[in-house]
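Student: File follows, protein-v8.cif with mmCIF, C-alpha atoms:
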data_start
loop_
_atom_site.label_atom_id
_atom_site.label_comp_id
_atom_site.auth_asym_id
_atom_site.auth_seq_id
_atom_site.Cartn_x
_atom_site.Cartn_y
_atom_site.Cartn_z
CA ASP E 1 2.76 -22.88 13.18
CA SER E 2 3.85 -20.02 10.90
CA GLY E 3 7.29 -21.48 10.25
CA VAL E 4 8.98 -18.41 11.75
CA THR E 5 11.04 -19.21 14.83
CA GLN E 6 11.99 -16.68 17.47
CA THR E 7 14.24 -17.13 20.47
CA PRO E 8 14.20 -16.58 23.35
CA LYS E 9 10.46 -16.60 24.11
CA HIS E 10 10.96 -14.74 27.36
CA LEU E 11 13.80 -12.58 28.59
CA ILE E 12 14.17 -10.63 31.82
CA THR E 13 17.04 -8.24 32.21
CA ALA E 14 18.06 -5.03 33.95
CA THR E 15 18.24 -1.46 32.77
CA GLY E 16 21.45 -0.61 30.96
CA GLN E 17 21.97 -4.15 29.71
CA ARG E 18 22.13 -5.44 26.14
CA VAL E 19 20.16 -8.32 24.65
CA THR E 20 19.99 -10.09 21.32
CA LEU E 21 16.81 -11.52 19.86
CA ARG E 22 17.03 -14.09 17.13
CA CYS E 23 14.70 -14.95 14.26
CA SER E 24 14.70 -17.71 11.67
CA PRO E 25 12.34 -16.96 8.77
CA ARG E 26 10.14 -19.44 6.95
CA SER E 27 12.02 -21.63 4.54
CA GLY E 28 12.35 -19.76 1.26
CA ASP E 29 11.44 -16.33 2.62
CA LEU E 30 14.01 -13.66 1.87
CA SER E 31 12.59 -10.78 3.91
CA VAL E 32 12.63 -10.42 7.67
CA TYR E 33 10.78 -7.70 9.57
CA TRP E 34 11.02 -6.67 13.20
CA TYR E 35 8.10 -5.19 15.11
CA GLN E 36 7.68 -3.93 18.67
CA GLN E 37 4.38 -4.28 20.51
CA SER E 38 4.09 -2.59 23.89
CA LEU E 39 1.24 -3.20 26.32
CA ASP E 40 -2.05 -2.02 24.81
CA GLN E 41 -0.22 -0.72 21.77
CA GLY E 42 -0.36 -1.62 18.15
CA LEU E 43 2.47 -3.01 16.11
CA GLN E 44 5.36 -0.60 15.64
CA PHE E 45 7.50 -1.40 12.62
CA LEU E 46 11.20 -1.28 13.41
CA ILE E 47 13.17 -2.49 10.42
CA GLN E 48 13.13 -4.80 7.39
CA TYR E 49 15.92 -6.79 5.76
CA TYR E 50 15.78 -8.40 2.36
CA ASN E 51 18.36 -11.00 1.41
CA GLY E 52 20.90 -9.54 3.80
CA GLU E 53 20.38 -5.88 2.98
CA GLU E 54 18.43 -3.29 4.93
CA ARG E 55 15.27 -2.53 2.92
CA ALA E 56 13.11 -0.28 5.07
CA LYS E 57 13.41 1.47 8.38
CA GLY E 58 10.69 2.41 10.80
CA ASN E 59 10.73 3.88 14.28
CA ILE E 60 13.86 2.07 15.38
CA LEU E 61 15.86 3.73 18.15
CA GLU E 62 19.56 4.35 17.70
CA ARG E 63 20.16 2.02 20.67
CA PHE E 64 18.68 -0.79 18.58
CA SER E 65 20.31 -2.46 15.61
CA ALA E 66 19.62 -5.47 13.45
CA GLN E 67 21.22 -7.56 10.78
CA GLN E 68 20.38 -10.43 8.48
CA PHE E 69 22.98 -13.11 7.94
CA PRO E 70 23.81 -15.09 4.78
CA ASP E 71 21.65 -17.98 5.99
CA LEU E 72 18.81 -15.41 6.21
CA HIS E 73 18.33 -15.58 9.95
CA SER E 74 18.20 -12.21 11.64
CA GLU E 75 19.17 -10.74 14.98
CA LEU E 76 17.82 -7.67 16.72
CA ASN E 77 20.22 -6.11 19.21
CA LEU E 78 18.83 -3.90 21.95
CA SER E 79 21.36 -2.00 24.04
CA SER E 80 21.36 0.41 26.99
CA LEU E 81 17.97 -0.97 27.84
CA GLU E 82 15.39 1.22 29.52
CA LEU E 83 12.20 0.31 31.35
CA GLY E 84 10.17 1.52 28.38
CA ASP E 85 11.80 -1.08 26.13
CA SER E 86 9.77 -3.78 27.85
CA ALA E 87 7.57 -5.16 25.09
CA LEU E 88 6.84 -8.05 22.79
CA TYR E 89 9.21 -8.13 19.85
CA PHE E 90 7.93 -9.90 16.77
CA CYS E 91 9.77 -11.12 13.78
CA ALA E 92 7.92 -11.71 10.53
CA SER E 93 9.00 -12.98 7.15
CA SER E 94 7.76 -12.85 3.58
CA VAL E 95 8.84 -14.24 0.26
CA GLY E 96 9.41 -10.92 -1.48
CA GLY E 97 11.02 -7.73 -0.36
CA GLY E 98 8.66 -4.92 -1.16
CA GLN E 99 5.82 -5.60 1.24
CA ASN E 100 3.65 -5.09 -1.83
CA THR E 101 1.15 -7.71 -0.83
CA GLY E 102 1.59 -7.27 2.90
CA GLU E 103 1.35 -11.01 3.50
CA LEU E 104 3.63 -11.49 6.43
CA PHE E 105 4.15 -14.57 8.57
CA PHE E 106 4.82 -13.77 12.20
CA GLY E 107 6.71 -15.67 14.85
CA GLU E 108 5.36 -16.10 18.36
CA GLY E 109 7.39 -13.20 19.66
CA SER E 110 10.03 -12.60 22.29
CA ARG E 111 8.74 -11.01 25.47
CA LEU E 112 11.33 -8.66 26.94
CA THR E 113 10.98 -7.41 30.50
CA VAL E 114 13.40 -4.74 31.68
CA LEU E 115 13.56 -4.31 35.45
CA GLY V 1 1.65 10.26 6.54
CA GLN V 2 -0.79 7.48 5.90
CA GLN V 3 -2.75 6.24 8.89
CA LEU V 4 -5.35 3.58 9.44
CA ASN V 5 -8.14 4.20 11.94
CA GLN V 6 -9.87 1.16 13.34
CA SER V 7 -13.18 1.13 15.14
CA PRO V 8 -14.39 0.15 17.53
CA GLN V 9 -11.32 0.01 19.75
CA SER V 10 -12.82 -2.88 21.70
CA MET V 11 -15.94 -5.02 21.73
CA PHE V 12 -17.50 -7.35 24.25
CA ILE V 13 -20.17 -9.61 22.83
CA GLN V 14 -22.14 -12.73 23.58
CA GLU V 15 -21.32 -16.00 21.86
CA GLY V 16 -23.43 -16.38 18.74
CA GLU V 17 -23.63 -12.68 17.95
CA ASP V 18 -22.38 -11.19 14.71
CA VAL V 19 -19.51 -8.70 14.83
CA SER V 20 -18.60 -5.85 12.54
CA MET V 21 -15.48 -3.72 12.63
CA ASN V 22 -13.98 -1.30 10.18
CA CYS V 23 -10.86 0.45 9.10
CA THR V 24 -10.64 3.83 7.43
CA SER V 25 -7.96 6.01 5.95
CA SER V 26 -7.72 9.54 4.62
CA SER V 27 -5.67 8.25 1.71
CA ILE V 28 -6.10 5.50 -0.83
CA PHE V 29 -4.87 1.98 -0.30
CA ASN V 30 -4.51 -0.57 -3.09
CA THR V 31 -4.50 -3.53 -0.74
CA TRP V 32 -6.30 -4.17 2.51
CA LEU V 33 -5.29 -6.91 4.90
CA TRP V 34 -6.96 -8.23 8.03
CA TYR V 35 -4.86 -9.99 10.65
CA LYS V 36 -5.87 -11.62 13.92
CA GLN V 37 -3.64 -11.84 16.98
CA ASP V 38 -4.57 -14.50 19.51
CA PRO V 39 -3.53 -13.79 23.09
CA GLY V 40 0.20 -14.46 23.48
CA GLU V 41 0.71 -15.16 19.79
CA GLY V 42 1.86 -13.35 16.68
CA PRO V 43 -0.66 -11.95 14.16
CA VAL V 44 -1.98 -14.28 11.50
CA LEU V 45 -3.32 -13.17 8.14
CA LEU V 46 -7.06 -13.78 7.83
CA ILE V 47 -8.07 -12.13 4.59
CA ALA V 48 -6.33 -10.12 1.87
CA LEU V 49 -8.24 -7.79 -0.46
CA TYR V 50 -6.70 -6.49 -3.67
CA LYS V 51 -9.52 -4.90 -5.64
CA ALA V 52 -11.90 -2.04 -4.85
CA GLY V 53 -15.36 -3.41 -4.13
CA GLU V 54 -14.04 -6.93 -3.57
CA LEU V 55 -15.94 -9.04 -1.04
CA THR V 56 -14.05 -12.04 0.28
CA SER V 57 -15.03 -14.73 2.77
CA ASN V 58 -12.99 -17.08 4.91
CA GLY V 59 -15.36 -19.34 6.82
CA ARG V 60 -17.42 -17.17 9.15
CA LEU V 61 -15.35 -14.12 8.26
CA THR V 62 -16.24 -11.71 5.47
CA ALA V 63 -14.24 -8.66 4.48
CA GLN V 64 -14.85 -5.97 1.90
CA PHE V 65 -12.55 -3.55 0.14
CA GLY V 66 -14.39 -0.23 0.06
CA ILE V 67 -15.21 1.21 -3.34
CA THR V 68 -13.44 4.49 -2.50
CA ARG V 69 -10.31 2.47 -1.55
CA LYS V 70 -10.24 4.39 1.71
CA ASP V 71 -11.99 1.84 3.90
CA SER V 72 -12.56 -1.81 4.62
CA PHE V 73 -14.74 -3.75 6.98
CA LEU V 74 -14.56 -7.17 8.58
CA ASN V 75 -17.60 -9.12 9.71
CA ILE V 76 -17.63 -12.21 11.87
CA SER V 77 -20.83 -14.20 11.94
CA ALA V 78 -22.06 -16.38 14.80
CA SER V 79 -19.08 -15.60 17.05
CA ILE V 80 -17.50 -18.33 19.15
CA PRO V 81 -15.10 -18.10 22.13
CA SER V 82 -12.03 -18.75 19.97
CA ASP V 83 -12.74 -15.52 18.05
CA VAL V 84 -11.26 -13.68 21.03
CA GLY V 85 -8.23 -11.64 20.10
CA ILE V 86 -7.10 -8.44 18.47
CA TYR V 87 -8.03 -7.79 14.86
CA PHE V 88 -5.70 -5.54 12.89
CA CYS V 89 -6.19 -3.98 9.50
CA ALA V 90 -3.10 -3.18 7.46
CA GLY V 91 -2.17 -1.88 4.06
CA PRO V 92 1.01 -1.26 2.10
CA ASN V 93 2.19 2.34 2.01
CA HIS V 94 2.63 3.48 -1.56
CA ALA V 95 4.10 6.89 -0.75
CA GLY V 96 7.57 7.18 -2.19
CA ASN V 97 10.05 4.37 -2.55
CA ASN V 98 10.16 3.40 1.09
CA ARG V 99 7.36 0.84 1.10
CA LYS V 100 6.10 -0.12 4.52
CA LEU V 101 3.04 -1.86 5.87
CA ILE V 102 0.78 0.56 7.72
CA TRP V 103 -1.13 -0.95 10.66
CA GLY V 104 -4.25 0.10 12.49
CA LEU V 105 -4.20 0.02 16.29
CA GLY V 106 -6.52 -2.97 16.38
CA THR V 107 -9.98 -3.92 17.57
CA SER V 108 -9.94 -6.06 20.69
CA LEU V 109 -12.73 -8.64 20.74
CA ALA V 110 -13.97 -10.45 23.84
CA VAL V 111 -16.63 -13.15 23.55
CA ASN V 112 -18.74 -14.19 26.51
CA PRO V 113 -19.62 -17.90 26.28
#
Would you mind writing the file out in C-alpha cells?
Tutor:
Amino acid sequence: DSGVTQTPKHLITATGQRVTLRCSPRSGDLSVYWYQQSLDQGLQFLIQYYNGEERAKGNILERFSAQQFPDLHSELNLSSLELGDSALYFCASSVGGGQNTGELFFGEGSRLTVL
Amino acid sequence: GQQLNQSPQSMFIQEGEDVSMNCTSSSIFNTWLWYKQDPGEGPVLLIALYKAGELTSNGRLTAQFGITRKDSFLNISASIPSDVGIYFCAGPNHAGNNRKLIWGLGTSLAVNP
C-alpha cells in the first residue's frame, strides 16, 4: 500500500461526457502528479501540483484540467470525452516539489472506459 | 528533448533464469530510477541511483548507474513468477526550469513457472 488513494477504481462513461478523478496523496506529501497510461503505452505525464500551485505541465489536453485543494487532495477533470481517452489514470505523490529525486509513490489508478 | 530508450521491449523467460534489461539516453542524467508495475497496479520504486558508476542491490535486483551517465541497467537473478510485470526506467529532466521525470516505455517481463 503506497498510501496514495485514488477513486473511483473503475469508470465507464460515454463519449462527450465529463468525469472527475480524485486523488489523496500520502500523508505529508505536498506534490501530486497525474499520469495517463493507455493500452501498451508508457506513462504519459499530464500535470503536477505542489502545495496547491501548478508546478509542471506535460502533454495534458485542453479538455483536461486539474487542481489541488488546500487539504492537498487533487482532482483531474476530463471533459468532452473521446474514445481515445480510455486509459488508466494514475496519481502519484512526493514529499518535495521539484521531482529532483524522482521518488514518486503511485496510487492504484483509475481505469476509464469511454464507450 | 530528453528520451529514455529501454530494451528489450519484452522478455519471456523460464523461472530461475537471470534477466538483464537496460536503459539508454543521448543526454546525461544525474539520477536513474527503476520502477516496477505489477499487472493492474501502479508503479513502485525498486532502486534509485544517484552517482555515476554506482552499483546498488535490492534483494535479487541489482542496478548500475553507467559511468557515462547516459545509461543504466537492471539485473534480476533467479527469476520467480512474481517478477512478472513492466519495468520502467526514469530520470529527472534537468533541461531548463521545468523539471519533469522522463520515463522509458518499459520492459515487459513474463516468467514461465
Student: Let me know the residues the PyMOL selection byres ((chain V and resi 56) around 12) catches in the file above, as a list in words.
Tutor: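 Checking the PyMOL selection byres ((chain V and resi 56) around 12) against this file, the residues are Trp32, Leu33, Trp34, Leu46, Ile47, Ala48, Leu49, Tyr50, Lys51, Ala52, Gly53, Glu54, Leu55, Ser57, Asn58, Gly59, Arg60, Leu61, Thr62, Ala63, Gln64, Phe65, Gly66, Ser72, Phe73, Leu74 and Asn75 of chain V.
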Student: Could you make a table, as CSV, of the residues of region 62-88 of chain V that have an atom within 9 Å of an atom of region 10-29 of chain V, each with its nearest atom pair and distance in Å to one decimal, counting all atoms listed in the file, in chain and number order?
Tutor:
residue,atom,partner,partner_atom,distance
V:Thr68,CA,V:Ile28,CA,7.6
V:Arg69,CA,V:Ile28,CA,5.2
V:Lys70,CA,V:Ile28,CA,5.0
V:Asp71,CA,V:Thr24,CA,4.3
V:Ser72,CA,V:Cys23,CA,5.3
V:Phe73,CA,V:Asn22,CA,4.1
V:Leu74,CA,V:Met21,CA,5.4
V:Asn75,CA,V:Ser20,CA,4.4
V:Ile76,CA,V:Val19,CA,5.0
V:Ser77,CA,V:Asp18,CA,4.4
V:Ala78,CA,V:Gly16,CA,4.2
V:Ser79,CA,V:Gly16,CA,4.7
V:Ile80,CA,V:Glu15,CA,5.2
V:Pro81,CA,V:Glu15,CA,6.6
V:Ile86,CA,V:Ser10,CA,8.6
V:Tyr87,CA,V:Met21,CA,8.8
V:Phe88,CA,V:Cys23,CA,8.8
Student: With distances taken over all atoms listed in the file, which residue among V:Val84, V:Leu4, V:Val44, V:Ile67 lies nearest chain E?
Tutor: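 Going through V:Val84, V:Leu4, V:Val44, V:Ile67 one by one, the smallest distance to chain E is for V:Val44.
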Student: Which residues, named as in the file, does the PyMOL selection byres ((chain V) within 7 of (chain E)) pick out? Answer as a list in words.
Tutor: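 When the PyMOL selection byres ((chain V) within 7 of (chain E)) is applied, the selected residues are Glu41, Gly42, Pro43, Val44, Leu45, Gly91, Pro92, Asn98, Arg99, Lys100, Leu101, Trp103, Leu105 and Gly106 of chain V.
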Student: Could you tell me how far CA of Val32 (chain E) sits from CA of Lys9 (chain E), in Å to one decimal place?
Tutor: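 A separation of 17.7 Å between them.
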Student: Interatomic distance between CA of Gln6 (chain V) and CA of Tyr33 (chain E)?
Tutor: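 CA of Tyr33 (chain E) lies 22.8 Å from CA of Gln6 (chain V).
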Student: Please report the interatomic distance between CA of Asn93 (chain V) and CA of Ser86 (chain E) in Å with one decimal.
Tutor: 27.6 Å
Student: Using only C-alpha atoms, can you list as a PyMOL selection string the residues within 7 Å of (21.9, -13.9, -0.9)?
Tutor: chain E and resi 51-52+70
Student: Which residue gives the smallest distance to Leu112 (chain E) among E:Val95, E:Leu81, E:Leu30, E:Leu61, with all atoms listed in the file counted?
Tutor: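 Ranking E:Val95, E:Leu81, E:Leu30, E:Leu61 by distance to Leu112 (chain E), first place goes to E:Leu81.
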Student: Set the distance at 6 Å and use all atoms listed in the file: which residues neighbour region 11-17 of chain E once local chain neighbours fewer than 4 positions away are removed? I'd like the list as a list in words.
Tutor: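 Residues near the query, excluding close chain neighbours: Ser80, Leu81, Glu82, Leu112, Thr113, Val114 and Leu115 of chain E.
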Student: Name the residues in contact with Arg22 (chain E) at a cut-off of 7 Å, using all atoms listed in the file, excluding same-chain residues fewer than 5 positions from it; report them as an MDAnalysis selection string.
Tutor: chainID E and resid 6:7 74:76
Student: Using only C-alpha atoms, find all polymer residues with an atom at most 9 Å away from the point (11.4, -18.3, 0.9); report them as a list of chain:residue names.
Tutor: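 Final list of nearby residues, as requested, is E:Pro25, E:Arg26, E:Ser27, E:Gly28, E:Asp29, E:Leu30, E:Ser31, E:Ser93, E:Ser94, E:Val95, E:Gly96.
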Student: With C-alpha atoms kept, could you save the residues just selected as a compact mmCIF listing (two decimals), keeping the file's coordinate frame?
Tutor:
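What follows is the written file result_15.txt:
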# COMPACT_ATOMS: atom_id res chain seq x y z
CA PRO E 25 12.34 -16.96 8.77
CA ARG E 26 10.14 -19.44 6.95
CA SER E 27 12.02 -21.63 4.54
CA GLY E 28 12.35 -19.76 1.26
CA ASP E 29 11.44 -16.33 2.62
CA LEU E 30 14.01 -13.66 1.87
CA SER E 31 12.59 -10.78 3.91
CA SER E 93 9.00 -12.98 7.15
CA SER E 94 7.76 -12.85 3.58
CA VAL E 95 8.84 -14.24 0.26
CA GLY E 96 9.41 -10.92 -1.48
Student: Nearest residue to Pro8 (chain V) out of V:Asp83, V:Asn112, V:Gly104, V:Asp38, using only C-alpha atoms?
Tutor: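 Closest candidate: V:Gly104.
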